[in-house]
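Since the structure comes first, as structure tokens, the remarks are kept for the end.
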Amino acid sequence: MARIIALSVAFVTLALPAFAEDKVDTAKVTCKEYLESDHNLMVAMESAFHEAMKNDPKLGSLNEAELSLVMWDNCTGKPDVKVIDALQK
């Protein structure tokens with residue numbers, strides 16, 4: 001249990017500069033970062049991707065909850081893939 005907490009703290013510490021001020025760089029977020037993020041960071045990422053994909057012909061009509069399910073499904077098992085690439089496949 002302590003190991004999980006320590007790893008979580010380490011991840012958040014490393015991830016904070018990339019997501020400072022609630023700005024998510026959708027071009028850089030990996031599936032691993034998305035899948036292992038805490039709830040607040042995951043919601044921020046989903047919001048950013050929803051905004052980024054609003055003009056996409058396939059995903060633009062999805063609401064944020066629907067897009068989050070697509071993100072989760074497309075990222076599962078692909079930790080090194082960027083979320084934006086997973087969404088566009």
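Here, A, B, ... name the chains of the structure tokens in the order displayed, residue numbers run from 1 inside each chain, and ligands are numbered from 1 in the same displayed order.
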Inset, instruction - Considering only C-alpha atoms, return as a list in words whatever protein or nucleic-acid residues lie within 12 Å of Val29 in chain A, sequence-local ones (same chain, fewer than 4 positions apart) excluded. - result: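 Surrounding residues, per the criterion: Ala15, Ala18, Phe19, Lys23, Val24, Asp25, Glu33, Tyr34, Leu35, Glu36, Ser37, Leu41, Met42, Ala44, Met45, Glu46, Ala48, Phe49, Met71, Cys75, Pro79, Asp80, Val81, Lys82, Val83, Ile84, Asp85, Ala86 and Leu87 of chain A.
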Write out, as an mmCIF file, in the first residue's frame, the residues just selected, with N, CA and C atoms.
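Result file follows (out-v2.cif):
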data_model
loop_
_atom_site.group_PDB
_atom_site.id
_atom_site.type_symbol
_atom_site.label_atom_id
_atom_site.label_comp_id
_atom_site.auth_asym_id
_atom_site.auth_seq_id
_atom_site.Cartn_x
_atom_site.Cartn_y
_atom_site.Cartn_z
ATOM 1 N N ALA A 15 3.993 14.952 -13.033
ATOM 2 C CA ALA A 15 2.968 15.383 -13.975
ATOM 3 C C ALA A 15 2.557 16.836 -13.788
ATOM 4 N N ALA A 18 3.604 19.514 -16.349
ATOM 5 C CA ALA A 18 2.964 19.344 -17.655
ATOM 6 C C ALA A 18 1.523 19.826 -17.652
ATOM 7 N N PHE A 19 0.899 19.819 -16.489
ATOM 8 C CA PHE A 19 -0.514 20.193 -16.402
ATOM 9 C C PHE A 19 -0.732 21.404 -15.498
ATOM 10 N N LYS A 23 -3.848 23.652 -17.588
ATOM 11 C CA LYS A 23 -3.624 23.609 -19.033
ATOM 12 C C LYS A 23 -3.093 22.233 -19.378
ATOM 13 N N VAL A 24 -3.826 21.528 -20.183
ATOM 14 C CA VAL A 24 -3.414 20.196 -20.605
ATOM 15 C C VAL A 24 -2.949 20.295 -22.048
ATOM 16 N N ASP A 25 -1.734 19.874 -22.305
ATOM 17 C CA ASP A 25 -1.211 19.854 -23.662
ATOM 18 C C ASP A 25 -1.646 18.537 -24.300
ATOM 19 N N GLU A 33 -0.349 8.315 -18.677
ATOM 20 C CA GLU A 33 -0.619 9.486 -17.845
ATOM 21 C C GLU A 33 -2.119 9.657 -17.630
ATOM 22 N N TYR A 34 -2.889 9.453 -18.687
ATOM 23 C CA TYR A 34 -4.339 9.586 -18.577
ATOM 24 C C TYR A 34 -4.926 8.511 -17.663
ATOM 25 N N LEU A 35 -4.592 7.263 -17.912
ATOM 26 C CA LEU A 35 -5.183 6.159 -17.167
ATOM 27 C C LEU A 35 -4.765 6.139 -15.698
ATOM 28 N N GLU A 36 -3.582 6.659 -15.383
ATOM 29 C CA GLU A 36 -3.096 6.625 -14.007
ATOM 30 C C GLU A 36 -3.316 7.942 -13.257
ATOM 31 N N SER A 37 -3.957 8.903 -13.881
ATOM 32 C CA SER A 37 -4.163 10.197 -13.230
ATOM 33 C C SER A 37 -5.255 10.107 -12.167
ATOM 34 N N LEU A 41 -7.392 15.433 -12.264
ATOM 35 C CA LEU A 41 -6.545 15.561 -13.443
ATOM 36 C C LEU A 41 -7.183 14.865 -14.642
ATOM 37 N N MET A 42 -7.812 13.722 -14.411
ATOM 38 C CA MET A 42 -8.476 13.006 -15.493
ATOM 39 C C MET A 42 -9.610 13.858 -16.073
ATOM 40 N N ALA A 44 -9.802 17.106 -16.000
ATOM 41 C CA ALA A 44 -9.171 18.213 -16.733
ATOM 42 C C ALA A 44 -8.712 17.749 -18.113
ATOM 43 N N MET A 45 -8.148 16.555 -18.175
ATOM 44 C CA MET A 45 -7.705 16.011 -19.456
ATOM 45 C C MET A 45 -8.896 15.766 -20.379
ATOM 46 N N GLU A 46 -9.944 15.179 -19.846
ATOM 47 C CA GLU A 46 -11.128 14.896 -20.655
ATOM 48 C C GLU A 46 -11.729 16.183 -21.206
ATOM 49 N N ALA A 48 -10.096 18.999 -21.787
ATOM 50 C CA ALA A 48 -9.180 19.515 -22.797
ATOM 51 C C ALA A 48 -9.326 18.745 -24.110
ATOM 52 N N PHE A 49 -9.437 17.417 -24.022
ATOM 53 C CA PHE A 49 -9.595 16.623 -25.241
ATOM 54 C C PHE A 49 -10.954 16.858 -25.876
ATOM 55 N N MET A 71 -11.882 7.516 -24.842
ATOM 56 C CA MET A 71 -10.485 7.680 -24.427
ATOM 57 C C MET A 71 -10.030 6.480 -23.615
ATOM 58 N N CYS A 75 -7.269 3.780 -24.965
ATOM 59 C CA CYS A 75 -5.970 3.849 -24.285
ATOM 60 C C CYS A 75 -5.622 2.583 -23.506
ATOM 61 N N PRO A 79 0.050 1.969 -23.041
ATOM 62 C CA PRO A 79 0.585 3.024 -22.173
ATOM 63 C C PRO A 79 1.482 4.037 -22.869
ATOM 64 N N ASP A 80 2.180 3.655 -23.914
ATOM 65 C CA ASP A 80 3.130 4.559 -24.556
ATOM 66 C C ASP A 80 2.529 5.381 -25.696
ATOM 67 N N VAL A 81 1.297 5.107 -26.031
ATOM 68 C CA VAL A 81 0.627 5.838 -27.116
ATOM 69 C C VAL A 81 0.107 7.160 -26.567
ATOM 70 N N LYS A 82 0.208 8.211 -27.369
ATOM 71 C CA LYS A 82 -0.373 9.494 -26.972
ATOM 72 C C LYS A 82 -1.888 9.386 -27.122
ATOM 73 N N VAL A 83 -2.607 10.008 -26.213
ATOM 74 C CA VAL A 83 -4.066 9.932 -26.217
ATOM 75 C C VAL A 83 -4.629 10.455 -27.535
ATOM 76 N N ILE A 84 -4.071 11.532 -28.031
ATOM 77 C CA ILE A 84 -4.577 12.103 -29.285
ATOM 78 C C ILE A 84 -4.457 11.097 -30.425
ATOM 79 N N ASP A 85 -3.366 10.331 -30.440
ATOM 80 C CA ASP A 85 -3.195 9.295 -31.478
ATOM 81 C C ASP A 85 -4.175 8.153 -31.271
ATOM 82 N N ALA A 86 -4.401 7.777 -30.017
ATOM 83 C CA ALA A 86 -5.356 6.705 -29.721
ATOM 84 C C ALA A 86 -6.764 7.105 -30.142
ATOM 85 N N LEU A 87 -7.096 8.365 -29.984
ATOM 86 C CA LEU A 87 -8.430 8.837 -30.360
ATOM 87 C C LEU A 87 -8.622 8.861 -31.864
#
Inset, instruction - Have a look at CA of Lys78 in chain A and CA of Cys31 in chain A and let me know their distance in Å, one decimal. - result: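 Rounded to one decimal, the two atoms are 6.4 Å apart.
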Legend entry - Pick from A:Asn74, A:Thr30, A:Asn40, A:Gln88, whichever lies nearest to Gly60 in chain A using only C-alpha atoms: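 That would be A:Gln88, the residue with the smallest distance to Gly60 in chain A.
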Legend entry - Non-local contacts of Glu64 in chain A (6 Å; only C-alpha atoms; under 2 positions in same chain excluded) as a ChimeraX atom specification: /A:50,66-67
Let me see the file: selected residues, N, CA and C atoms, as a PDB file, in the first residue's frame.
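Produced file selection.pdb, reproduced below:
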ATOM      1  N   HIS A  50     -11.979  17.066 -25.069  1.00  0.00           N
ATOM      2  CA  HIS A  50     -13.303  17.364 -25.609  1.00  0.00           C
ATOM      3  C   HIS A  50     -13.246  18.652 -26.427  1.00  0.00           C
ATOM      4  N   GLU A  66     -19.166  10.721 -23.041  1.00  0.00           N
ATOM      5  CA  GLU A  66     -19.001   9.740 -24.113  1.00  0.00           C
ATOM      6  C   GLU A  66     -17.551   9.714 -24.608  1.00  0.00           C
ATOM      7  N   LEU A  67     -16.951  10.884 -24.746  1.00  0.00           N
ATOM      8  CA  LEU A  67     -15.563  10.950 -25.188  1.00  0.00           C
ATOM      9  C   LEU A  67     -14.637  10.315 -24.160  1.00  0.00           C
TER      10      LEU A  67
END
Legend entry - Straight-line distance linking CA of Pro57 in chain A with CA of Asp38 in chain A, stated in Å to one decimal: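 Computing the Euclidean distance for CA of Pro57 in chain A and CA of Asp38 in chain A yields 29.4 Å.
Reported to one decimal place, the separation of CA of Lys28 in chain A from CA of Gly77 in chain A is 17.8 Å.
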Legend entry - Option closest in space to Lys32 in chain A, from A:Ser47, A:Leu62, A:Trp72, A:Ala52 [counting only C-alpha atoms]: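 The answer is A:Trp72, which sits nearest to Lys32 in chain A.
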